[in-house]
>>> print(open('query_9.txt').read())   # compact mmCIF, C-alpha atoms (C1' of nucleotides)
# COMPACT_ATOMS: atom_id res chain seq x y z
CA MET A 1 14.71 14.97 31.47
CA SER A 2 12.74 12.77 29.16
CA ARG A 3 9.34 11.56 30.10
CA SER A 4 8.43 8.03 29.22
CA VAL A 5 4.80 7.22 28.66
CA ILE A 6 3.79 3.70 28.00
CA GLN A 7 0.25 2.83 27.20
CA ASP A 8 -1.18 -0.60 27.13
CA PHE A 9 -3.42 -2.63 24.90
CA PRO A 10 -7.04 -1.64 25.41
CA ASP A 11 -8.73 -3.38 28.30
CA ARG A 12 -11.12 -6.02 27.10
CA ASP A 13 -13.79 -4.81 29.50
CA HIS A 14 -13.64 -1.08 29.10
CA ASP A 15 -16.70 1.00 28.27
CA HIS A 16 -16.19 1.22 24.57
CA ASP A 17 -19.10 3.49 23.79
CA SER A 18 -17.80 6.23 26.01
CA CYS A 19 -14.37 5.51 24.64
CA ILE A 20 -15.65 6.40 21.17
CA ASP A 21 -17.50 9.42 22.49
CA ASP A 22 -14.34 10.65 24.14
CA ALA A 23 -12.39 10.25 20.94
CA LEU A 24 -14.96 12.23 19.00
CA ALA A 25 -15.03 14.93 21.64
CA ARG A 26 -11.25 15.21 21.52
CA ALA A 27 -11.48 15.42 17.76
CA GLU A 28 -13.89 18.33 17.95
CA THR A 29 -11.48 20.14 20.21
CA VAL A 30 -8.48 19.46 18.01
CA CYS A 31 -10.24 20.58 14.86
CA ALA A 32 -11.56 23.70 16.51
CA ALA A 33 -8.06 24.55 17.68
CA ARG A 34 -6.77 24.09 14.16
CA GLY A 35 -9.57 26.14 12.66
CA GLU A 36 -10.77 23.20 10.63
CA ARG A 37 -14.12 21.52 10.23
CA LEU A 38 -14.95 18.08 11.49
CA THR A 39 -17.68 17.55 8.93
CA PRO A 40 -20.26 14.78 9.35
CA GLN A 41 -18.40 12.70 6.82
CA ARG A 42 -15.06 13.04 8.55
CA ARG A 43 -16.69 12.47 11.86
CA GLN A 44 -18.33 9.32 10.64
CA VAL A 45 -15.04 7.96 9.31
CA LEU A 46 -13.34 8.71 12.59
CA GLU A 47 -16.11 6.97 14.46
CA LEU A 48 -15.83 3.93 12.23
CA VAL A 49 -12.10 3.85 12.87
CA TRP A 50 -12.74 3.94 16.59
CA ARG A 51 -15.45 1.28 16.50
CA SER A 52 -12.71 -1.22 17.11
CA HIS A 53 -9.32 -0.85 18.69
CA ARG A 54 -7.91 -2.77 15.79
CA PRO A 55 -6.34 -1.39 12.64
CA VAL A 56 -8.96 -0.74 9.98
CA LYS A 57 -8.50 -0.94 6.23
CA ALA A 58 -9.58 1.87 3.95
CA TYR A 59 -11.76 -0.38 1.86
CA ASP A 60 -13.46 -1.81 4.92
CA LEU A 61 -14.39 1.71 5.91
CA LEU A 62 -15.63 2.21 2.40
CA GLU A 63 -17.99 -0.72 2.73
CA ARG A 64 -19.28 0.51 6.03
CA LEU A 65 -19.86 3.94 4.53
CA SER A 66 -21.85 2.45 1.70
CA ARG A 67 -25.54 1.82 1.93
CA PRO A 68 -27.66 -0.33 -0.32
CA GLY A 69 -28.09 1.72 -3.45
CA ARG A 70 -25.37 4.18 -2.54
CA ARG A 71 -21.88 2.94 -3.04
CA ALA A 72 -19.16 5.17 -1.62
CA ALA A 73 -16.11 5.72 -3.81
CA PRO A 74 -12.48 5.44 -2.67
CA PRO A 75 -11.66 9.16 -2.71
CA THR A 76 -14.42 9.71 -0.19
CA VAL A 77 -12.73 7.68 2.46
CA TYR A 78 -9.17 8.57 1.53
CA ARG A 79 -9.90 12.26 1.76
CA ALA A 80 -11.36 11.84 5.19
CA LEU A 81 -8.44 9.68 6.28
CA ASP A 82 -5.93 12.23 4.98
CA PHE A 83 -7.67 14.96 6.86
CA LEU A 84 -7.77 12.99 10.09
CA ARG A 85 -4.17 12.02 9.70
CA GLU A 86 -3.00 15.57 9.21
CA ALA A 87 -4.93 16.56 12.29
CA GLY A 88 -3.14 13.82 14.21
CA LEU A 89 -6.41 12.07 14.99
CA ILE A 90 -5.46 8.78 13.41
CA HIS A 91 -2.28 6.97 12.48
CA ARG A 92 -1.50 4.87 9.50
CA LEU A 93 0.19 1.54 10.17
CA GLU A 94 2.50 1.27 7.22
CA SER A 95 3.19 -2.41 7.51
CA LEU A 96 -0.52 -3.20 7.48
CA ASN A 97 -1.91 -0.58 5.12
CA ALA A 98 -4.37 0.19 7.86
CA PHE A 99 -5.47 2.97 10.15
CA ILE A 100 -6.07 3.30 13.85
CA GLY A 101 -7.33 6.03 16.12
CA CYS A 102 -4.80 8.01 18.09
CA PRO A 103 -5.63 8.09 21.79
CA ARG A 104 -3.76 11.35 22.47
CA PRO A 105 -4.18 13.60 19.47
CA ASP A 106 -3.62 16.62 21.64
CA MET A 107 0.06 16.07 22.28
CA ARG A 108 2.56 15.95 19.47
CA HIS A 109 4.23 12.61 19.59
CA SER A 110 5.96 10.12 17.42
CA ALA A 111 4.12 6.89 16.94
CA GLN A 112 5.39 3.64 18.37
CA PHE A 113 3.20 0.61 17.83
CA LEU A 114 3.17 -2.89 19.19
CA ILE A 115 1.26 -5.07 16.76
CA CYS A 116 0.15 -8.55 17.76
CA THR A 117 0.42 -10.68 14.66
CA ARG A 118 -1.75 -13.30 16.32
CA CYS A 119 -4.88 -11.36 17.18
CA GLY A 120 -4.29 -8.03 15.44
CA ALA A 121 -4.41 -5.94 18.60
CA VAL A 122 -2.33 -2.79 18.61
CA ALA A 123 -0.86 -0.77 21.47
CA GLU A 124 0.43 2.71 20.92
CA MET A 125 3.40 3.61 23.07
CA ASP A 126 4.93 6.96 23.57
CA ASP A 127 8.44 6.85 24.87
CA ALA A 128 10.05 10.25 24.61
CA ALA A 129 13.46 8.84 25.48
CA LEU A 130 13.29 6.57 22.48
CA THR A 131 12.48 9.44 20.20
CA ALA A 132 15.28 11.45 21.70
CA LYS A 133 17.73 8.65 21.06
CA ILE A 134 16.72 8.36 17.44
CA ASP A 135 17.04 12.09 17.04
CA ALA A 136 20.51 12.00 18.56
CA ASN A 137 21.63 9.22 16.24
CA ALA A 138 20.29 11.08 13.25
CA ARG A 139 21.93 14.29 14.30
CA ARG A 140 25.32 12.60 14.34
CA LEU A 141 24.85 12.02 10.63
CA GLY A 142 23.71 15.57 10.04
CA PHE A 143 20.20 14.33 9.37
CA LYS A 144 17.24 16.52 10.25
CA VAL A 145 14.30 14.46 11.48
CA ASP A 146 10.77 15.32 10.45
CA ASP A 147 8.94 12.34 11.83
CA GLU A 148 9.46 8.71 12.61
CA LYS A 149 7.50 5.51 12.66
CA ILE A 150 8.17 2.50 14.80
CA GLU A 151 6.19 -0.65 14.21
CA VAL A 152 6.94 -3.69 16.30
CA ASN A 153 5.54 -7.08 15.38
CA GLY A 154 5.14 -9.78 17.98
CA THR A 155 2.68 -11.50 20.27
CA CYS A 156 0.63 -9.80 22.95
CA ARG A 157 0.25 -10.92 26.53
CA GLU A 158 -3.20 -12.37 26.03
CA CYS A 159 -2.20 -14.46 23.06
CA LEU A 160 0.89 -15.69 24.88
CA ALA A 161 -1.29 -16.64 27.85
CA ARG A 162 -3.73 -18.43 25.62
CA ASP A 163 -0.88 -20.39 24.07
CA ALA A 164 0.48 -21.33 27.45
CA ALA A 165 -2.95 -22.42 28.66
CA GLY A 166 -4.10 -24.25 25.58
CA MET B 1 26.52 -4.34 27.22
CA SER B 2 24.90 -2.98 24.14
CA ARG B 3 26.90 -2.14 21.10
CA SER B 4 25.84 0.81 19.05
CA VAL B 5 26.60 0.74 15.36
CA ILE B 6 25.73 3.71 13.26
CA GLN B 7 26.24 3.60 9.57
CA ASP B 8 26.12 6.52 7.26
CA PHE B 9 24.63 7.35 3.92
CA PRO B 10 26.71 5.79 1.14
CA ASP B 11 29.69 7.85 0.12
CA ARG B 12 29.08 9.52 -3.19
CA ASP B 13 32.51 8.49 -4.44
CA HIS B 14 32.72 4.89 -3.37
CA ASP B 15 33.58 2.10 -5.77
CA HIS B 16 30.07 0.97 -6.50
CA ASP B 17 30.93 -1.98 -8.72
CA SER B 18 32.89 -3.68 -6.01
CA CYS B 19 30.17 -2.67 -3.60
CA ILE B 20 27.70 -4.72 -5.64
CA ASP B 21 30.16 -7.58 -5.97
CA ASP B 22 30.61 -7.64 -2.24
CA ALA B 23 26.89 -7.73 -1.67
CA LEU B 24 26.50 -10.66 -4.05
CA ALA B 25 29.37 -12.49 -2.44
CA ARG B 26 27.84 -12.01 0.99
CA ALA B 27 24.56 -13.28 -0.41
CA GLU B 28 26.19 -16.48 -1.64
CA THR B 29 27.59 -17.05 1.81
CA VAL B 30 24.32 -16.38 3.57
CA CYS B 31 22.35 -18.67 1.27
CA ALA B 32 24.91 -21.42 1.57
CA ALA B 33 24.73 -21.16 5.34
CA ARG B 34 20.97 -21.42 5.19
CA GLY B 35 21.06 -24.35 2.80
CA GLU B 36 19.20 -22.38 0.17
CA ARG B 37 19.84 -21.61 -3.47
CA LEU B 38 20.73 -18.21 -4.80
CA THR B 39 19.40 -18.99 -8.27
CA PRO B 40 20.33 -16.80 -11.26
CA GLN B 41 16.97 -15.15 -11.06
CA ARG B 42 17.23 -14.30 -7.38
CA ARG B 43 20.78 -13.21 -7.89
CA GLN B 44 19.77 -10.90 -10.70
CA VAL B 45 17.04 -9.30 -8.62
CA LEU B 46 19.45 -8.77 -5.78
CA GLU B 47 21.94 -7.19 -8.15
CA LEU B 48 19.28 -4.88 -9.54
CA VAL B 49 18.37 -3.85 -6.02
CA TRP B 50 22.00 -3.07 -5.32
CA ARG B 51 22.53 -1.13 -8.56
CA SER B 52 21.55 1.94 -6.63
CA HIS B 53 21.69 2.74 -2.95
CA ARG B 54 18.20 4.03 -3.22
CA PRO B 55 14.97 2.21 -2.48
CA VAL B 56 13.73 0.32 -5.52
CA LYS B 57 10.13 -0.42 -6.41
CA ALA B 58 8.99 -3.91 -7.33
CA TYR B 59 7.56 -2.81 -10.66
CA ASP B 60 10.74 -0.98 -11.55
CA LEU B 61 12.62 -4.20 -11.01
CA LEU B 62 10.04 -5.89 -13.16
CA GLU B 63 10.76 -3.56 -16.02
CA ARG B 64 14.46 -4.08 -15.70
CA LEU B 65 13.93 -7.81 -15.72
CA SER B 66 11.90 -7.60 -18.89
CA ARG B 67 13.44 -7.75 -22.30
CA PRO B 68 11.87 -6.80 -25.59
CA GLY B 69 9.56 -9.69 -26.38
CA ARG B 70 9.75 -11.15 -22.92
CA ARG B 71 7.73 -9.37 -20.33
CA ALA B 72 8.33 -10.48 -16.76
CA ALA B 73 5.25 -10.98 -14.60
CA PRO B 74 4.79 -9.67 -11.06
CA PRO B 75 5.08 -13.01 -9.24
CA THR B 76 8.52 -13.41 -10.72
CA VAL B 77 9.90 -10.42 -8.92
CA TYR B 78 7.82 -10.78 -5.77
CA ARG B 79 8.96 -14.34 -5.28
CA ALA B 80 12.55 -13.30 -5.55
CA LEU B 81 12.00 -10.37 -3.21
CA ASP B 82 10.29 -12.60 -0.65
CA PHE B 83 13.16 -15.02 -0.76
CA LEU B 84 15.76 -12.30 -0.37
CA ARG B 85 13.83 -10.74 2.45
CA GLU B 86 13.55 -13.98 4.37
CA ALA B 87 17.25 -14.47 3.95
CA GLY B 88 17.82 -11.00 5.38
CA LEU B 89 19.49 -9.82 2.19
CA ILE B 90 17.12 -6.96 1.56
CA HIS B 91 14.71 -4.85 3.56
CA ARG B 92 11.34 -3.53 2.65
CA LEU B 93 10.71 0.12 3.41
CA GLU B 94 7.08 0.03 4.42
CA SER B 95 6.41 3.70 4.07
CA LEU B 96 7.71 3.69 0.50
CA ASN B 97 6.58 0.31 -0.78
CA ALA B 98 10.17 -0.17 -1.84
CA PHE B 99 13.14 -2.40 -1.25
CA ILE B 100 16.78 -1.82 -0.46
CA GLY B 101 19.82 -4.02 -0.04
CA CYS B 102 20.94 -4.83 3.47
CA PRO B 103 24.63 -4.07 4.00
CA ARG B 104 25.05 -6.55 6.84
CA PRO B 105 22.91 -9.58 6.13
CA ASP B 106 25.19 -11.73 8.26
CA MET B 107 24.19 -10.27 11.60
CA ARG B 108 20.65 -10.39 12.85
CA HIS B 109 19.54 -6.87 13.39
CA SER B 110 16.49 -4.76 13.47
CA ALA B 111 16.15 -2.26 10.72
CA GLN B 112 16.41 1.44 11.39
CA PHE B 113 16.26 3.71 8.40
CA LEU B 114 16.84 7.38 7.82
CA ILE B 115 15.01 8.37 4.69
CA CYS B 116 15.73 11.69 3.01
CA THR B 117 12.44 12.89 1.61
CA ARG B 118 14.33 15.38 -0.53
CA CYS B 119 16.70 13.17 -2.50
CA GLY B 120 15.49 9.69 -1.62
CA ALA B 121 18.77 8.56 -0.04
CA VAL B 122 18.51 6.02 2.74
CA ALA B 123 20.89 5.21 5.58
CA GLU B 124 20.51 2.04 7.57
CA MET B 125 21.43 2.40 11.20
CA ASP B 126 21.88 -0.30 13.71
CA ASP B 127 21.67 0.87 17.27
CA ALA B 128 21.46 -2.09 19.59
CA ALA B 129 20.61 0.13 22.55
CA LEU B 130 17.56 1.39 20.74
CA THR B 131 16.39 -2.12 20.04
CA ALA B 132 17.01 -3.05 23.65
CA LYS B 133 14.91 -0.14 24.83
CA ILE B 134 12.02 -1.09 22.61
CA ASP B 135 12.26 -4.66 23.83
CA ALA B 136 12.23 -3.49 27.42
CA ASN B 137 9.16 -1.33 26.85
CA ALA B 138 7.39 -4.18 25.15
CA ARG B 139 8.28 -6.61 27.89
CA ARG B 140 6.63 -4.37 30.46
CA LEU B 141 3.39 -4.99 28.62
CA GLY B 142 4.03 -8.71 28.39
CA PHE B 143 4.57 -8.39 24.66
CA LYS B 144 6.97 -10.74 22.91
CA VAL B 145 8.84 -8.96 20.12
CA ASP B 146 9.49 -10.71 16.84
CA ASP B 147 10.86 -7.85 14.81
CA GLU B 148 10.63 -4.14 14.56
CA LYS B 149 10.84 -1.48 11.91
CA ILE B 150 11.91 2.08 12.38
CA GLU B 151 11.57 4.49 9.51
CA VAL B 152 12.60 8.08 10.01
CA ASN B 153 11.72 10.72 7.47
CA GLY B 154 13.73 13.90 7.20
CA THR B 155 16.44 15.67 5.28
CA CYS B 156 19.98 14.40 4.82
CA ARG B 157 23.15 16.37 5.38
CA GLU B 158 23.81 16.92 1.69
CA CYS B 159 20.35 18.26 0.99
CA LEU B 160 20.56 20.53 4.02
CA ALA B 161 23.91 21.83 2.81
CA ARG B 162 22.54 22.39 -0.67
CA ASP B 163 19.65 24.37 0.80
CA ALA B 164 21.99 26.47 2.91
CA ALA B 165 24.23 27.16 -0.09
CA GLY B 166 21.53 27.79 -2.67
C1' DG C 1 -30.10 39.19 -2.62
C1' DA C 2 -25.95 38.87 -5.77
C1' DC C 3 -21.60 37.58 -6.12
C1' DA C 4 -17.03 35.60 -5.46
C1' DA C 5 -13.88 32.52 -3.10
C1' DG C 6 -12.77 28.56 -0.79
C1' DC C 7 -13.75 24.31 0.87
C1' DC C 8 -16.06 19.83 0.75
C1' DT C 9 -18.02 16.14 -1.75
C1' DG C 10 -19.41 13.06 -5.78
C1' DT C 11 -18.03 10.43 -9.80
C1' DT C 12 -15.44 8.06 -13.33
C1' DA C 13 -11.38 6.39 -14.55
C1' DT C 14 -6.88 4.85 -13.81
C1' DA C 15 -2.43 4.03 -11.51
C1' DG C 16 0.22 1.32 -8.45
C1' DT C 17 1.05 -2.78 -5.42
C1' DA C 18 0.59 -7.61 -4.53
C1' DT C 19 -1.33 -12.35 -4.58
C1' DC C 20 -3.87 -16.59 -6.32
C1' DA C 21 -4.06 -20.68 -8.82
C1' DC C 22 -2.50 -23.64 -12.12
C1' DG C 23 0.87 -26.21 -14.58
C1' DC C 24 5.37 -27.50 -16.13
C1' DG C 25 10.06 -29.00 -15.88
C1' DA C 26 14.43 -29.96 -13.42
C1' DG C 27 16.68 -32.30 -9.83
C1' DC C 28 16.79 -35.52 -6.07
C1' DC C 29 15.97 -39.81 -3.73
C1' DG C 30 13.78 -44.13 -2.85
C1' DC D 1 10.88 -45.75 -12.81
C1' DG D 2 7.68 -43.17 -9.45
C1' DG D 3 7.08 -39.76 -6.33
C1' DC D 4 8.73 -35.69 -4.21
C1' DT D 5 10.12 -30.86 -3.68
C1' DC D 6 11.37 -26.69 -5.49
C1' DG D 7 11.72 -22.87 -8.72
C1' DC D 8 9.59 -20.66 -12.31
C1' DG D 9 6.06 -19.07 -16.14
C1' DT D 10 1.52 -17.38 -16.95
C1' DG D 11 -3.06 -15.33 -16.76
C1' DA D 12 -6.24 -13.61 -13.88
C1' DT D 13 -7.53 -11.08 -10.04
C1' DA D 14 -7.45 -8.69 -5.56
C1' DC D 15 -6.15 -4.88 -2.97
C1' DT D 16 -4.54 0.05 -2.22
C1' DA D 17 -4.49 4.70 -3.70
C1' DT D 18 -4.74 8.86 -6.71
C1' DA D 19 -6.03 11.90 -10.82
C1' DA D 20 -9.10 14.83 -12.90
C1' DC D 21 -13.18 17.17 -13.29
C1' DA D 22 -17.77 18.73 -11.83
C1' DG D 23 -21.11 20.40 -8.68
C1' DG D 24 -22.74 22.17 -4.32
C1' DC D 25 -22.51 24.38 0.24
C1' DT D 26 -20.83 28.11 3.28
C1' DT D 27 -19.06 32.37 4.31
C1' DG D 28 -18.00 37.05 3.72
C1' DT D 29 -18.81 41.23 1.29
C1' DC D 30 -21.18 44.61 -0.96
>>> encode(input="query_9.txt", output="structure tokens")
Amino acid sequence: MSRSVIQDFPDRDHDHDSCIDDALARAETVCAARGERLTPQRRQVLELVWRSHRPVKAYDLLERLSRPGRRAAPPTVYRALDFLREAGLIHRLESLNAFIGCPRPDMRHSAQFLICTRCGAVAEMDDAALTAKIDANARRLGFKVDDEKIEVNGTCRECLARDAAG
Amino acid sequence: MSRSVIQDFPDRDHDHDSCIDDALARAETVCAARGERLTPQRRQVLELVWRSHRPVKAYDLLERLSRPGRRAAPPTVYRALDFLREAGLIHRLESLNAFIGCPRPDMRHSAQFLICTRCGAVAEMDDAALTAKIDANARRLGFKVDDEKIEVNGTCRECLARDAAG
DNA sequence: GACAAGCCTGTTATAGTATCACGCGAGCCG
DNA sequence: CGGCTCGCGTGATACTATAACAGGCTTGTC
């Protein structure tokens, strides 16, 4: 039996500070379990990614890492992003060249994203049945699946409502 | 009722010349139907894309467009690629920054790709049920879907067989 | 403490991908 | 003709990512 988990876009009124704290706490756990170090640098990048629930660009992170008189260089942020990605703590949105925090880094899952092209909001879904179906299709061609990415462009509920109202 | 179409990786022994010819003929039809012009330049880019069944990079196309003494510039190829993409004649593989010809530009479909990370071969699948499921999931969140991209990384049958043999 | 090994970070340079902005010429239509 | 759109050429530039090398911190061992 396949379990279908659907998450929603983040609630506009949620407690975002604790939301970030939770993400960082989960990250500590994940890294510990993997025997890897969530260094201050990596931690800071992860926090910056979580500062918004929107996709974040590498070079935006770079700016936020920089201080007057101390300009961070690209490898700094890319190394951190690579690390976080391998640990499953963030995802890369291929169609946007951007990154976003993963809300459930603990469970292995394939990424399925709804991306609102109007406001930039992103929802991560996790439908195991969908993954299973893709796997089945692939198997019929003798193809062994490593991982899959699903990115869906469209318009979110709020933007649709705004259109209808305005 | 949802129809499920699964295509395969291109046969190694198919008649590739006529395969290209067919693609160009289909392109003429599609452009005519859309009231748009498949200019020599656009046609040439499309042909270059179809020369292989592998994903092609924009700058590779650029080189192939260039002749000694006449260096093509990026906008040349990107404009053609944008046109072809809007016409549904090619797809962009987001995870590869590469482009590939669409075998069925006539029917509107969402793209689902199996990408062999070993040999670079790509199969385009078209499973309407999968699309329907994604749409249904999105609808539950009040999300209106414009288009979706599915890119699956893994190993193709041939590469698996080669591994098993060697 | 001395040392080695591995990991993490800094820095400079460069590769790779894509777009902007401007202008020109061909074709169409009034 | 005059004005329009479209396709294309060109030079510059923006954006995304990696290579290559050096130094420094941490840990484990003796």
>>> closest_residue(input="query_9.txt", among="A:Pro74, A:Pro68, A:Pro55, A:Ala25", to="DA13 of chain C", atoms="only C-alpha atoms (C1' of nucleotides)")
A:Pro74
>>> closest_residue(input="query_9.txt", among="A:Phe9, A:Trp50, A:Phe143, A:Phe83", to="chain B", atoms="only C-alpha atoms")
A:Phe143
>>> residues_around(input="query_9.txt", residues="DA17 of chain D", least_positions_apart="4", cutoff="12 Å", atoms="all atoms listed in the file", output="MDAnalysis selection string")
(chainID A and resid 58:59 73:79 81:82 97) or (chainID C and resid 14:17)
>>> atom_distance(input="query_9.txt", atom1="atom CA of Leu93 of chain A", atom2="atom CA of Glu151 of chain A")
7.6 Å
>>> closest_residue(input="query_9.txt", among="B:Arg12, B:Lys144, B:Lys133, B:Arg71", to="Leu114 of chain A", atoms="all atoms listed in the file")
B:Lys144
>>> interface_residues(input="query_9.txt", of="chain D", to="chain A", cutoff="10 Å", atoms="only C-alpha atoms (C1' of nucleotides)", output="PDB file with C-alpha atoms (C1' of nucleotides), in the coordinates of the input")
ATOM      1  C1'  DC D  15      -6.150  -4.880  -2.970  1.00  0.00           C
ATOM      2  C1'  DT D  16      -4.540   0.050  -2.220  1.00  0.00           C
ATOM      3  C1'  DA D  17      -4.490   4.700  -3.700  1.00  0.00           C
ATOM      4  C1'  DT D  18      -4.740   8.860  -6.710  1.00  0.00           C
TER       5       DT D  18
END
>>> build_atoms(input="query_9.txt", residues="segment 64-76 of chain A", atoms="N, CA and C atoms", output="PDB file, in the frame of the given file")
ATOM      1  N   ARG A  64     -18.401   0.107   4.935  1.00  0.00           N
ATOM      2  CA  ARG A  64     -19.280   0.510   6.030  1.00  0.00           C
ATOM      3  C   ARG A  64     -19.909   1.865   5.761  1.00  0.00           C
ATOM      4  N   LEU A  65     -19.275   2.648   4.909  1.00  0.00           N
ATOM      5  CA  LEU A  65     -19.860   3.940   4.530  1.00  0.00           C
ATOM      6  C   LEU A  65     -20.964   3.754   3.502  1.00  0.00           C
ATOM      7  N   SER A  66     -20.881   2.672   2.771  1.00  0.00           N
ATOM      8  CA  SER A  66     -21.850   2.450   1.700  1.00  0.00           C
ATOM      9  C   SER A  66     -23.166   1.970   2.270  1.00  0.00           C
ATOM     10  N   ARG A  67     -24.239   2.358   1.589  1.00  0.00           N
ATOM     11  CA  ARG A  67     -25.540   1.820   1.930  1.00  0.00           C
ATOM     12  C   ARG A  67     -26.087   1.182   0.685  1.00  0.00           C
ATOM     13  N   PRO A  68     -27.046   0.285   0.866  1.00  0.00           N
ATOM     14  CA  PRO A  68     -27.660  -0.330  -0.320  1.00  0.00           C
ATOM     15  C   PRO A  68     -28.141   0.755  -1.265  1.00  0.00           C
ATOM     16  N   GLY A  69     -27.659   0.739  -2.477  1.00  0.00           N
ATOM     17  CA  GLY A  69     -28.090   1.720  -3.450  1.00  0.00           C
ATOM     18  C   GLY A  69     -27.195   2.947  -3.507  1.00  0.00           C
ATOM     19  N   ARG A  70     -26.267   3.037  -2.537  1.00  0.00           N
ATOM     20  CA  ARG A  70     -25.370   4.180  -2.540  1.00  0.00           C
ATOM     21  C   ARG A  70     -23.964   3.740  -2.159  1.00  0.00           C
ATOM     22  N   ARG A  71     -23.210   3.478  -3.202  1.00  0.00           N
ATOM     23  CA  ARG A  71     -21.880   2.940  -3.040  1.00  0.00           C
ATOM     24  C   ARG A  71     -20.862   4.066  -2.905  1.00  0.00           C
ATOM     25  N   ALA A  72     -20.176   4.136  -1.794  1.00  0.00           N
ATOM     26  CA  ALA A  72     -19.160   5.170  -1.620  1.00  0.00           C
ATOM     27  C   ALA A  72     -17.941   4.856  -2.483  1.00  0.00           C
ATOM     28  N   ALA A  73     -17.275   5.896  -2.957  1.00  0.00           N
ATOM     29  CA  ALA A  73     -16.110   5.720  -3.810  1.00  0.00           C
ATOM     30  C   ALA A  73     -14.830   5.955  -3.004  1.00  0.00           C
ATOM     31  N   PRO A  74     -13.718   5.342  -3.431  1.00  0.00           N
ATOM     32  CA  PRO A  74     -12.480   5.440  -2.670  1.00  0.00           C
ATOM     33  C   PRO A  74     -12.081   6.850  -2.250  1.00  0.00           C
ATOM     34  N   PRO A  75     -12.124   7.839  -3.145  1.00  0.00           N
ATOM     35  CA  PRO A  75     -11.660   9.160  -2.710  1.00  0.00           C
ATOM     36  C   PRO A  75     -12.400   9.681  -1.481  1.00  0.00           C
ATOM     37  N   THR A  76     -13.633   9.281  -1.350  1.00  0.00           N
ATOM     38  CA  THR A  76     -14.420   9.710  -0.190  1.00  0.00           C
ATOM     39  C   THR A  76     -13.695   9.359   1.101  1.00  0.00           C
TER      40      THR A  76
END
